[in-house]
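Asker: Pasting final_9.cif below, which is mmCIF, C-alpha atoms and all ligand atoms.
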data_start
#
loop_
_atom_site.label_atom_id
_atom_site.label_comp_id
_atom_site.auth_asym_id
_atom_site.auth_seq_id
_atom_site.Cartn_x
_atom_site.Cartn_y
_atom_site.Cartn_z
CA MET A 17 -7.40 -12.08 -3.83
CA SER A 18 -3.60 -11.83 -3.44
CA LYS A 19 -1.97 -12.41 -0.10
CA VAL A 20 -0.94 -9.24 1.71
CA ILE A 21 2.79 -9.39 2.51
CA ARG A 22 3.53 -8.16 6.02
CA TRP A 23 6.75 -6.23 6.52
CA GLY A 24 8.89 -5.31 9.51
CA VAL A 25 11.74 -2.79 9.57
CA LEU A 26 14.93 -2.93 11.66
CA GLY A 27 16.26 0.53 12.58
CA THR A 28 14.65 3.96 12.75
CA GLY A 29 17.24 6.14 10.99
CA GLY A 30 17.18 8.25 7.84
CA ILE A 31 16.55 5.57 5.24
CA ALA A 32 13.99 3.71 7.38
CA ARG A 33 11.97 6.93 7.51
CA ALA A 34 12.22 7.55 3.76
CA VAL A 35 11.24 4.00 2.82
CA ALA A 36 8.40 3.85 5.37
CA ARG A 37 6.74 6.74 3.53
CA ASP A 38 6.77 4.91 0.18
CA PHE A 39 4.88 1.84 1.44
CA ARG A 40 1.63 3.68 0.69
CA PHE A 41 2.28 3.29 -3.04
CA VAL A 42 2.58 -0.51 -2.93
CA GLN A 43 -0.44 -2.73 -3.18
CA ASP A 44 -0.62 -5.80 -0.92
CA ALA A 45 2.31 -4.62 1.22
CA ALA A 46 1.68 -3.73 4.86
CA LEU A 47 4.37 -2.24 7.10
CA LEU A 48 3.22 -4.01 10.26
CA ALA A 49 6.12 -3.57 12.72
CA VAL A 50 9.21 -1.53 13.49
CA ALA A 51 12.10 -2.43 15.81
CA SER A 52 14.65 -0.17 17.42
CA ARG A 53 17.40 -0.78 19.95
CA GLU A 54 15.37 1.62 22.09
CA LEU A 55 11.61 1.06 22.58
CA THR A 56 10.69 4.75 22.75
CA ARG A 57 12.29 5.33 19.33
CA ALA A 58 10.32 2.44 17.86
CA GLN A 59 7.10 3.78 19.39
CA ALA A 60 7.70 7.29 18.04
CA PHE A 61 8.46 5.85 14.57
CA ALA A 62 5.33 3.67 14.71
CA ARG A 63 3.15 6.66 15.62
CA ARG A 64 4.61 8.77 12.85
CA TYR A 65 4.20 6.19 10.08
CA ASP A 66 1.03 4.56 11.35
CA ILE A 67 2.64 1.19 12.13
CA ALA A 68 0.70 -1.17 14.39
CA ARG A 69 3.56 -2.83 16.31
CA ALA A 70 6.70 -1.33 17.91
CA TYR A 71 9.49 -3.44 19.40
CA GLY A 72 12.36 -2.39 21.68
CA SER A 73 14.80 -4.94 20.24
CA TYR A 74 15.48 -6.43 16.81
CA ASP A 75 15.10 -9.95 18.23
CA ALA A 76 11.59 -9.18 19.47
CA LEU A 77 10.48 -8.29 15.92
CA LEU A 78 12.01 -11.50 14.60
CA GLN A 79 9.89 -13.49 17.10
CA ASP A 80 6.71 -11.99 15.60
CA ASP A 81 5.12 -14.82 13.59
CA ASP A 82 3.03 -12.39 11.56
CA ILE A 83 6.06 -10.81 9.84
CA ASP A 84 6.84 -12.26 6.40
CA VAL A 85 9.76 -10.06 5.33
CA VAL A 86 12.20 -7.78 7.12
CA TYR A 87 13.68 -4.60 5.65
CA ILE A 88 17.13 -4.09 7.20
CA ALA A 89 17.88 -0.35 7.58
CA THR A 90 20.83 -0.50 9.97
CA PRO A 91 24.43 0.71 9.29
CA HIS A 92 26.52 -1.35 6.83
CA MET A 93 28.54 -3.06 9.53
CA ARG A 94 25.46 -4.76 10.97
CA HIS A 95 23.92 -5.96 7.70
CA GLY A 96 25.55 -9.41 7.68
CA ASP A 97 24.56 -10.33 11.25
CA ASP A 98 21.11 -8.74 10.97
CA ALA A 99 20.40 -10.61 7.73
CA LEU A 100 21.53 -13.92 9.21
CA ALA A 101 19.33 -13.36 12.29
CA CYS A 102 16.32 -12.74 10.00
CA ILE A 103 17.02 -15.80 7.88
CA TYR A 104 17.49 -18.05 10.95
CA ALA A 105 14.11 -16.74 12.20
CA GLY A 106 12.59 -17.81 8.86
CA LYS A 107 12.02 -14.24 7.62
CA ALA A 108 12.61 -13.07 4.07
CA VAL A 109 15.13 -10.24 3.76
CA LEU A 110 15.46 -6.96 1.88
CA CYS A 111 18.83 -5.65 3.08
CA GLU A 112 20.06 -2.11 2.52
CA LYS A 113 23.10 -1.55 0.32
CA PRO A 114 25.89 -2.43 0.66
CA PHE A 115 24.52 -5.92 1.26
CA THR A 116 27.36 -6.59 3.72
CA ILE A 117 30.79 -5.17 4.49
CA ASN A 118 32.67 -7.66 2.30
CA ALA A 119 32.21 -10.67 0.03
CA ARG A 120 32.94 -13.20 2.77
CA GLU A 121 29.95 -11.96 4.80
CA ALA A 122 27.79 -11.72 1.67
CA GLN A 123 28.58 -15.33 0.80
CA ALA A 124 27.53 -16.47 4.30
CA VAL A 125 24.19 -14.65 4.06
CA ILE A 126 23.50 -15.94 0.54
CA GLN A 127 24.33 -19.50 1.56
CA ALA A 128 22.06 -19.27 4.62
CA ALA A 129 19.16 -17.89 2.55
CA ARG A 130 19.57 -20.63 -0.06
CA ASP A 131 19.92 -23.38 2.54
CA ARG A 132 16.76 -22.24 4.34
CA GLY A 133 14.77 -21.44 1.20
CA VAL A 134 14.19 -17.82 2.21
CA PHE A 135 13.79 -14.88 -0.19
CA CYS A 136 16.74 -12.50 0.01
CA MET A 137 17.74 -9.37 -1.93
CA GLU A 138 20.05 -6.37 -1.71
CA ALA A 139 18.01 -3.15 -1.58
CA MET A 140 19.58 -1.70 -4.73
CA TRP A 141 16.47 0.39 -5.39
CA MET A 142 18.08 2.24 -8.36
CA ARG A 143 17.71 -0.86 -10.56
CA PHE A 144 13.94 -0.89 -10.07
CA ILE A 145 13.35 2.74 -11.07
CA PRO A 146 11.39 2.62 -14.36
CA LEU A 147 13.74 4.88 -16.33
CA ILE A 148 16.76 2.80 -15.30
CA ARG A 149 14.92 -0.26 -16.59
CA GLU A 150 14.18 1.67 -19.76
CA VAL A 151 17.92 2.43 -20.17
CA LYS A 152 18.69 -1.27 -19.68
CA ALA A 153 16.08 -2.22 -22.31
CA GLN A 154 17.46 0.31 -24.81
CA VAL A 155 21.03 -0.87 -24.30
CA GLU A 156 19.97 -4.52 -24.67
CA GLN A 157 17.99 -3.75 -27.82
CA GLY A 158 21.11 -2.16 -29.35
CA GLU A 159 19.50 1.29 -29.59
CA ILE A 160 22.89 2.98 -29.09
CA GLY A 161 24.90 0.24 -30.79
CA GLU A 162 27.66 -1.46 -28.88
CA VAL A 163 28.44 0.22 -25.57
CA THR A 164 31.96 1.62 -25.51
CA HIS A 165 31.96 3.90 -22.48
CA LEU A 166 30.05 4.51 -19.27
CA ALA A 167 30.68 7.46 -16.97
CA ALA A 168 28.94 7.93 -13.61
CA ALA A 169 29.65 9.75 -10.36
CA PHE A 170 27.81 10.23 -7.09
CA GLY A 171 29.02 12.56 -4.39
CA TYR A 172 28.19 15.43 -2.10
CA PRO A 173 29.90 16.72 1.05
CA LEU A 174 28.67 15.71 4.48
CA PRO A 175 29.48 17.48 7.74
CA PHE A 176 32.51 15.68 9.12
CA ASP A 177 31.68 13.63 12.23
CA PRO A 178 34.20 10.88 12.96
CA ARG A 179 31.55 8.90 14.90
CA SER A 180 28.92 8.90 12.13
CA ARG A 181 28.44 5.87 9.89
CA ASN A 182 29.84 7.81 6.91
CA PHE A 183 33.27 8.47 8.44
CA ASN A 184 33.62 5.87 11.19
CA PRO A 185 35.57 2.82 9.96
CA ALA A 186 33.97 0.72 12.72
CA LEU A 187 30.59 1.32 11.00
CA GLY A 188 31.94 0.68 7.49
CA GLY A 189 32.45 4.35 6.59
CA GLY A 190 33.76 5.70 3.30
CA ALA A 191 32.53 6.83 -0.11
CA LEU A 192 32.92 3.44 -1.82
CA LEU A 193 30.46 1.37 0.20
CA ASP A 194 27.93 4.15 0.66
CA ARG A 195 28.00 5.90 -2.73
CA GLY A 196 30.46 4.18 -5.07
CA ILE A 197 28.20 1.16 -5.00
CA TYR A 198 25.65 3.03 -7.18
CA PRO A 199 27.87 3.68 -10.22
CA LEU A 200 29.37 0.22 -9.75
CA SER A 201 25.95 -1.43 -9.63
CA LEU A 202 24.86 0.54 -12.72
CA SER A 203 27.93 -0.70 -14.61
CA PHE A 204 27.29 -4.30 -13.60
CA TYR A 205 23.61 -3.93 -14.59
CA LEU A 206 24.38 -2.54 -18.04
CA LEU A 207 27.75 -4.11 -18.89
CA GLY A 208 28.11 -7.14 -16.63
CA GLN A 209 31.24 -8.35 -14.88
CA PRO A 210 34.41 -6.39 -15.75
CA ALA A 211 37.59 -8.20 -16.82
CA SER A 212 39.84 -5.95 -14.75
CA MET A 213 39.78 -2.73 -12.83
CA ALA A 214 41.95 0.00 -11.34
CA SER A 215 41.15 2.49 -8.60
CA GLU A 216 42.48 5.25 -6.41
CA ALA A 217 41.29 7.07 -3.30
CA ASN A 218 41.83 10.18 -1.21
CA MET A 219 41.84 8.85 2.34
CA GLY A 220 40.54 10.97 5.24
CA SER A 221 41.76 11.35 8.81
CA THR A 222 39.62 8.44 10.07
CA GLY A 223 41.25 6.10 7.51
CA ILE A 224 38.29 5.80 5.13
CA ASP A 225 38.03 6.95 1.49
CA MET A 226 36.61 10.48 1.28
CA THR A 227 36.63 10.42 -2.54
CA SER A 228 37.41 7.42 -4.71
CA HIS A 229 37.63 6.61 -8.43
CA TYR A 230 37.22 3.28 -10.21
CA ARG A 231 37.95 2.31 -13.83
CA LEU A 232 36.43 -0.95 -15.05
CA HIS A 233 37.65 -2.64 -18.25
CA TYR A 234 35.44 -5.07 -20.15
CA ASP A 235 36.34 -7.84 -22.58
CA SER A 236 34.31 -6.03 -25.25
CA GLY A 237 36.74 -3.10 -25.00
CA ALA A 238 34.22 -0.95 -23.11
CA VAL A 239 35.45 1.14 -20.19
CA ALA A 240 33.48 2.45 -17.19
CA VAL A 241 34.89 5.52 -15.43
CA LEU A 242 33.24 5.95 -12.04
CA SER A 243 33.67 7.91 -8.85
CA ALA A 244 32.09 8.69 -5.49
CA SER A 245 32.64 11.15 -2.68
CA CYS A 246 31.62 12.13 0.85
CA ALA A 247 33.70 15.30 0.55
CA VAL A 248 32.85 17.09 -2.70
CA TYR A 249 29.92 17.61 -5.04
CA GLN A 250 29.94 15.40 -8.09
CA PRO A 251 27.43 15.71 -10.92
CA SER A 252 25.40 12.59 -9.95
CA GLU A 253 24.76 11.94 -13.64
CA ALA A 254 25.56 8.99 -15.86
CA THR A 255 26.27 8.76 -19.58
CA ILE A 256 26.37 5.56 -21.62
CA ARG A 257 28.02 5.95 -25.02
CA GLY A 258 27.79 3.46 -27.82
CA THR A 259 28.79 3.06 -31.44
CA ALA A 260 25.39 4.38 -32.62
CA GLY A 261 24.39 6.94 -29.99
CA GLN A 262 24.33 7.73 -26.32
CA ILE A 263 22.01 7.89 -23.32
CA HIS A 264 22.41 10.54 -20.67
CA ILE A 265 20.76 9.85 -17.29
CA HIS A 266 20.13 13.20 -15.67
CA ALA A 267 20.78 13.81 -11.98
CA PRO A 268 20.13 12.11 -9.74
CA PHE A 269 20.95 9.05 -11.84
CA LEU A 270 19.97 6.78 -8.92
CA ARG A 271 16.33 7.74 -9.40
CA PRO A 272 16.06 9.68 -12.62
CA HIS A 273 13.02 11.56 -13.85
CA ARG A 274 14.69 12.32 -17.17
CA ILE A 275 16.99 10.67 -19.68
CA THR A 276 18.18 12.04 -23.01
CA VAL A 277 18.67 9.63 -25.87
CA ARG A 278 20.61 10.57 -28.98
CA GLN A 279 20.76 7.97 -31.66
CA GLY A 280 21.21 7.47 -35.36
CA ILE A 281 22.78 10.88 -35.56
CA SER A 282 24.82 9.96 -38.61
CA ALA A 283 21.63 8.79 -40.35
CA GLY A 284 20.11 12.26 -39.83
CA GLY A 285 17.14 11.26 -37.67
CA TYR A 286 16.15 9.39 -34.57
CA ARG A 287 13.14 8.12 -32.69
CA HIS A 288 11.79 10.40 -30.03
CA ARG A 289 10.34 8.60 -27.07
CA SER A 290 8.05 10.03 -24.50
CA LEU A 291 6.96 8.22 -21.41
CA HIS A 292 4.12 9.46 -19.26
CA TRP A 293 3.67 8.45 -15.73
CA LEU A 294 0.12 8.32 -14.43
CA ALA A 295 0.17 8.14 -10.69
CA GLY A 296 -2.48 7.76 -8.04
CA THR A 297 -2.28 7.22 -4.32
CA ARG A 298 -2.73 3.44 -4.69
CA GLY A 299 -0.86 2.70 -7.88
CA TYR A 300 0.66 3.89 -11.08
CA GLN A 301 0.71 3.20 -14.75
CA LEU A 302 3.32 3.79 -17.39
CA VAL A 303 2.27 5.00 -20.83
CA LYS A 304 4.81 4.99 -23.64
CA ARG A 305 4.58 6.90 -26.89
CA TYR A 306 6.97 6.51 -29.75
CA LEU A 307 7.22 9.21 -32.39
CA ASP A 308 9.55 9.14 -35.35
CA LYS A 309 10.78 12.65 -35.92
CA PRO A 310 13.48 14.14 -38.07
CA LEU A 311 16.56 15.32 -36.24
CA SER A 312 16.00 18.96 -37.20
CA THR A 313 12.60 19.12 -35.43
CA LEU A 314 14.00 18.28 -32.03
CA GLY A 315 17.48 19.71 -32.16
CA GLY A 316 19.15 16.33 -32.00
CA GLN A 317 17.90 15.32 -28.59
CA GLY A 318 15.30 12.85 -27.40
CA ASP A 319 14.19 13.66 -23.88
CA VAL A 320 12.28 11.08 -21.92
CA PHE A 321 10.56 12.38 -18.80
CA GLN A 322 8.99 10.27 -16.16
CA ARG A 323 7.43 11.39 -12.92
CA PHE A 324 6.46 9.15 -10.08
CA PRO A 325 5.00 9.73 -6.66
CA GLY A 326 7.10 9.37 -3.51
CA LEU A 327 10.86 8.95 -3.42
CA GLY A 328 11.10 5.90 -5.67
CA TYR A 329 11.57 3.19 -3.02
CA GLN A 330 8.14 1.76 -3.87
CA PHE A 331 9.53 -0.01 -6.93
CA GLU A 332 11.89 -2.26 -4.98
CA LEU A 333 9.22 -2.80 -2.29
CA GLU A 334 6.80 -3.81 -4.99
CA ALA A 335 9.33 -6.17 -6.61
CA VAL A 336 9.92 -7.96 -3.29
CA THR A 337 6.21 -8.09 -2.47
CA ARG A 338 5.37 -9.65 -5.88
CA SER A 339 8.30 -12.10 -5.60
CA MET A 340 7.05 -13.25 -2.23
CA GLN A 341 3.48 -13.62 -3.48
CA ALA A 342 4.86 -15.76 -6.32
CA GLY A 343 6.99 -17.85 -3.93
CA LYS A 344 10.28 -16.78 -5.56
CA LEU A 345 13.54 -16.78 -3.59
CA GLU A 346 15.43 -14.15 -5.61
CA HIS A 347 14.69 -11.33 -8.02
CA ASP A 348 16.30 -11.40 -11.45
CA ILE A 349 16.85 -7.62 -11.50
CA MET A 350 19.12 -7.86 -8.45
CA PRO A 351 20.19 -11.52 -8.19
CA LEU A 352 22.31 -12.68 -5.28
CA ASP A 353 25.21 -13.85 -7.45
CA GLU A 354 25.53 -10.35 -8.83
CA THR A 355 25.35 -8.84 -5.35
CA LEU A 356 28.25 -11.15 -4.45
CA ALA A 357 30.23 -10.20 -7.57
CA ILE A 358 29.83 -6.49 -6.73
CA MET A 359 30.97 -7.12 -3.13
CA GLN A 360 34.02 -8.99 -4.52
CA THR A 361 34.83 -6.03 -6.76
CA MET A 362 34.54 -3.63 -3.81
CA ASP A 363 36.84 -5.92 -1.77
CA GLU A 364 39.39 -5.78 -4.58
CA ILE A 365 39.09 -1.99 -4.79
CA ARG A 366 39.67 -1.60 -1.03
CA GLN A 367 42.61 -3.99 -1.26
CA GLN A 368 44.24 -1.64 -3.76
CA TRP A 369 44.20 1.11 -1.11
CA GLY A 370 44.85 -1.10 1.93
CA LEU A 371 41.49 -0.18 3.53
CA VAL A 372 40.60 -2.88 6.08
CA TYR A 373 37.68 -2.36 8.47
CA PRO A 374 38.29 -3.07 12.18
CA SER A 375 35.91 -6.08 12.17
CA GLU A 376 37.97 -7.64 9.35
CA ARG A 377 41.20 -7.71 11.40
CA PHE A 378 41.52 -11.07 13.08
N1 LIG B 1 18.73 3.25 -0.39
C1 LIG B 1 19.07 4.48 -0.08
O1 LIG B 1 18.73 5.44 -0.76
C2 LIG B 1 19.86 4.70 1.16
C3 LIG B 1 20.01 6.01 1.66
C4 LIG B 1 20.68 6.17 2.86
C5 LIG B 1 21.22 5.08 3.50
N2 LIG B 1 21.09 3.83 2.98
C6 LIG B 1 21.66 2.66 3.67
O2 LIG B 1 20.87 2.41 4.81
C7 LIG B 1 21.69 2.05 5.91
C8 LIG B 1 21.36 2.97 7.07
O3 LIG B 1 21.64 4.29 6.70
P1 LIG B 1 20.93 5.56 7.42
O4 LIG B 1 21.36 6.76 6.67
O5 LIG B 1 19.50 5.33 7.64
O6 LIG B 1 21.71 5.52 8.82
P2 LIG B 1 21.24 6.16 10.19
O7 LIG B 1 20.39 7.35 9.95
O8 LIG B 1 22.44 6.28 11.03
O9 LIG B 1 20.27 5.04 10.79
C9 LIG B 1 20.71 3.74 11.08
C10 LIG B 1 19.80 3.14 12.15
O10 LIG B 1 20.30 1.85 12.45
C11 LIG B 1 20.12 1.57 13.84
N3 LIG B 1 21.40 1.11 14.38
C12 LIG B 1 21.67 -0.15 14.81
N4 LIG B 1 22.92 -0.26 15.25
C13 LIG B 1 23.49 0.97 15.12
C14 LIG B 1 24.78 1.48 15.46
N5 LIG B 1 25.74 0.71 15.99
N6 LIG B 1 25.01 2.79 15.21
C15 LIG B 1 24.08 3.57 14.66
N7 LIG B 1 22.83 3.14 14.33
C16 LIG B 1 22.53 1.85 14.58
C17 LIG B 1 19.61 2.85 14.48
O11 LIG B 1 18.23 2.64 14.74
P3 LIG B 1 17.74 2.27 16.22
O12 LIG B 1 18.62 3.05 17.15
O13 LIG B 1 16.34 2.71 16.21
O14 LIG B 1 17.91 0.81 16.40
C18 LIG B 1 19.79 3.92 13.45
O15 LIG B 1 18.77 4.88 13.48
C19 LIG B 1 23.12 2.14 5.41
O16 LIG B 1 23.63 0.85 5.19
C20 LIG B 1 23.06 2.93 4.13
O17 LIG B 1 23.98 2.49 3.14
C21 LIG B 1 20.42 3.63 1.83
#
Would you mind writing the file's structure down as structure tokens?
Answerer:
Amino acid sequence: MSKVIRWGVLGTGGIARAVARDFRFVQDAALLAVASRELTRAQAFARRYDIARAYGSYDALLQDDDIDVVYIATPHMRHGDDALACIYAGKAVLCEKPFTINAREAQAVIQAARDRGVFCMEAMWMRFIPLIREVKAQVEQGEIGEVTHLAAAFGYPLPFDPRSRNFNPALGGGALLDRGIYPLSLSFYLLGQPASMASEANMGSTGIDMTSHYRLHYDSGAVAVLSASCAVYQPSEATIRGTAGQIHIHAPFLRPHRITVRQGISAGGYRHRSLHWLAGTRGYQLVKRYLDKPLSTLGGQGDVFQRFPGLGYQFELEAVTRSMQAGKLEHDIMPLDETLAIMQTMDEIRQQWGLVYPSERF
């Protein structure tokens, strides 16, 4: 029988609630404890999500010897310190994106995790969604030829509140760290480290980027054109174009249920893929079918649909749970060196606009 991995969560906000609900889809993962800065909030959260233990401070949860891994669901600005506290307490870490506020903090956390031999990963859940992994496999197998262009955007307006974590620079506000990280992480996942990049931003009254755009250039000649916003709606789709076809990831590209693959168009035909998702309350299974069809039958498009239960956080929770059962310290879908490289890129982007967070001024 496999060991059940016992989880704790720090924070009781929006994402903690969403992720807590998806634990029911993960085998051998038990959400055992929740911690809040305020005991009554932890108790209410524990009652709502059927969690056995509620703590009135983050430290108290870290003293609990029964917790194997901590999911950090606090605002960006706390991630570095919260992750270090977990690691020093001997707990494995799944830390919400962005992993930290900047590369310097990320490096400190990564070093601490490696020194102490503790599992650590950025909670970039998008990479674990099955259709995103399917896109990665297709790109790697050369299904659309050599990638020449990637376009992705993620944005929607939020009610302006200068104290909220989205707009408050003291909490790491701005579109880049909260939303831009998704198109950036997708580009790193599919194309690797860019050779150079350029960016621009519309800054808001609190000094953070309300909307920002990033253009990454790769040695291969490929270009990624990306953007993010807290102020306007953006399509939340992604398209990867190559020399022999293209893949469109339908909205929301962070957790797609549908992609459209066009390939071999010049050859007059393409392979139509269909993926079926069989889901139960305790697990799921992916069934793939490949059909070769002439272009005329399907109007030139190959739609791939995939449904899954819950919100899609179960895939990253499962990846961490299996890694811990196997005694691994990192996951190869979201390795720490790549987390660091993405943080370095975001530092460089902010540098281009002169955006420095208050905690970085010393
Ligand atoms: N993966 C995703 O899809 C996704 C979606 C949304 C957000 N996120 C990430 O998750 C993190 C949290 O976002 P969220 O939307 O859940 O934020 P939120 O609703 O504001 O919740 C954050 C929680 O952190 C705790 N906290 C600790 N120090 C705090 C402080 N100084 N100010 C405010 N809250 C503080 C609070 O819980 P207690 O008061 O109970 O301690 C609060 O409820 C962010 O880093 C964000 O990037 C990820």
Asker: Neighbouring residues of ligand LIG 1 (chain B) are defined here as those with any atom at most 6 Å from a ligand atom, counting all atoms listed in the file; list them as a PDB file with C-alpha atoms, keeping the file's coordinate frame.
Answerer:
ATOM      1  CA  GLY A  27      16.260   0.530  12.580  1.00  0.00           C
ATOM      2  CA  THR A  28      14.650   3.960  12.750  1.00  0.00           C
ATOM      3  CA  GLY A  29      17.240   6.140  10.990  1.00  0.00           C
ATOM      4  CA  GLY A  30      17.180   8.250   7.840  1.00  0.00           C
ATOM      5  CA  ILE A  31      16.550   5.570   5.240  1.00  0.00           C
ATOM      6  CA  ALA A  32      13.990   3.710   7.380  1.00  0.00           C
ATOM      7  CA  SER A  52      14.650  -0.170  17.420  1.00  0.00           C
ATOM      8  CA  ARG A  53      17.400  -0.780  19.950  1.00  0.00           C
ATOM      9  CA  ARG A  57      12.290   5.330  19.330  1.00  0.00           C
ATOM     10  CA  ALA A  89      17.880  -0.350   7.580  1.00  0.00           C
ATOM     11  CA  THR A  90      20.830  -0.500   9.970  1.00  0.00           C
ATOM     12  CA  PRO A  91      24.430   0.710   9.290  1.00  0.00           C
ATOM     13  CA  HIS A  92      26.520  -1.350   6.830  1.00  0.00           C
ATOM     14  CA  GLU A 112      20.060  -2.110   2.520  1.00  0.00           C
ATOM     15  CA  LYS A 113      23.100  -1.550   0.320  1.00  0.00           C
ATOM     16  CA  PRO A 114      25.890  -2.430   0.660  1.00  0.00           C
ATOM     17  CA  ASP A 194      27.930   4.150   0.660  1.00  0.00           C
TER      18      ASP A 194
END
Asker: Write out as a list in words the residues lying within 8 Å of A:Asn118, counting only C-alpha atoms and excluding same-chain residues fewer than 6 positions away.
Answerer: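 The neighbour list is Met359, Gln360, Met362 and Asp363 of chain A.
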Asker: Could you tell me how far atom CA of A:Glu354 sits from atom CA of A:Thr116, in Å to one decimal place?
Answerer: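 Pair atom CA of A:Thr116 / atom CA of A:Glu354 returns 13.2 Å.
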Asker: Could you produce a table of the residues of stretch 228-269 of chain A lying within 7 Å of stretch 148-169 of chain A, with the nearest pair of atoms per residue and their separation in Å rounded to one decimal, using only C-alpha atoms, ordered by chain and increasing residue number, as JSON lines?
Answerer:
{"residue": "A:Gly237", "atom": "CA", "partner": "A:Thr164", "partner_atom": "CA", "distance": 6.7}
{"residue": "A:Ala238", "atom": "CA", "partner": "A:Thr164", "partner_atom": "CA", "distance": 4.2}
{"residue": "A:Val239", "atom": "CA", "partner": "A:His165", "partner_atom": "CA", "distance": 5.0}
{"residue": "A:Ala240", "atom": "CA", "partner": "A:Leu166", "partner_atom": "CA", "distance": 4.5}
{"residue": "A:Val241", "atom": "CA", "partner": "A:Ala167", "partner_atom": "CA", "distance": 4.9}
{"residue": "A:Leu242", "atom": "CA", "partner": "A:Ala168", "partner_atom": "CA", "distance": 5.0}
{"residue": "A:Ser243", "atom": "CA", "partner": "A:Ala169", "partner_atom": "CA", "distance": 4.7}
{"residue": "A:Ala244", "atom": "CA", "partner": "A:Ala169", "partner_atom": "CA", "distance": 5.5}
{"residue": "A:Gln250", "atom": "CA", "partner": "A:Ala169", "partner_atom": "CA", "distance": 6.1}
{"residue": "A:Pro251", "atom": "CA", "partner": "A:Ala169", "partner_atom": "CA", "distance": 6.4}
{"residue": "A:Ser252", "atom": "CA", "partner": "A:Ala169", "partner_atom": "CA", "distance": 5.1}
{"residue": "A:Glu253", "atom": "CA", "partner": "A:Ala168", "partner_atom": "CA", "distance": 5.8}
{"residue": "A:Ala254", "atom": "CA", "partner": "A:Ala168", "partner_atom": "CA", "distance": 4.2}
{"residue": "A:Thr255", "atom": "CA", "partner": "A:Ala167", "partner_atom": "CA", "distance": 5.3}
{"residue": "A:Ile256", "atom": "CA", "partner": "A:Leu166", "partner_atom": "CA", "distance": 4.5}
{"residue": "A:Arg257", "atom": "CA", "partner": "A:His165", "partner_atom": "CA", "distance": 5.1}
{"residue": "A:Gly258", "atom": "CA", "partner": "A:Val163", "partner_atom": "CA", "distance": 4.0}
{"residue": "A:Thr259", "atom": "CA", "partner": "A:Gly161", "partner_atom": "CA", "distance": 4.8}
{"residue": "A:Ala260", "atom": "CA", "partner": "A:Ile160", "partner_atom": "CA", "distance": 4.5}
{"residue": "A:Gly261", "atom": "CA", "partner": "A:Ile160", "partner_atom": "CA", "distance": 4.3}
{"residue": "A:Gln262", "atom": "CA", "partner": "A:Ile160", "partner_atom": "CA", "distance": 5.7}
Asker: Show which residues sit within 9 Å of A:Asp82, as a PDB file with C-alpha atoms, in the frame of the given file. Count only C-alpha atoms, and ignore same-chain residues fewer than 2 positions away.
Answerer:
ATOM      1  CA  ARG A  22       3.530  -8.160   6.020  1.00  0.00           C
ATOM      2  CA  TRP A  23       6.750  -6.230   6.520  1.00  0.00           C
ATOM      3  CA  LEU A  48       3.220  -4.010  10.260  1.00  0.00           C
ATOM      4  CA  GLN A  79       9.890 -13.490  17.100  1.00  0.00           C
ATOM      5  CA  ASP A  80       6.710 -11.990  15.600  1.00  0.00           C
ATOM      6  CA  ASP A  84       6.840 -12.260   6.400  1.00  0.00           C
TER       7      ASP A  84
END
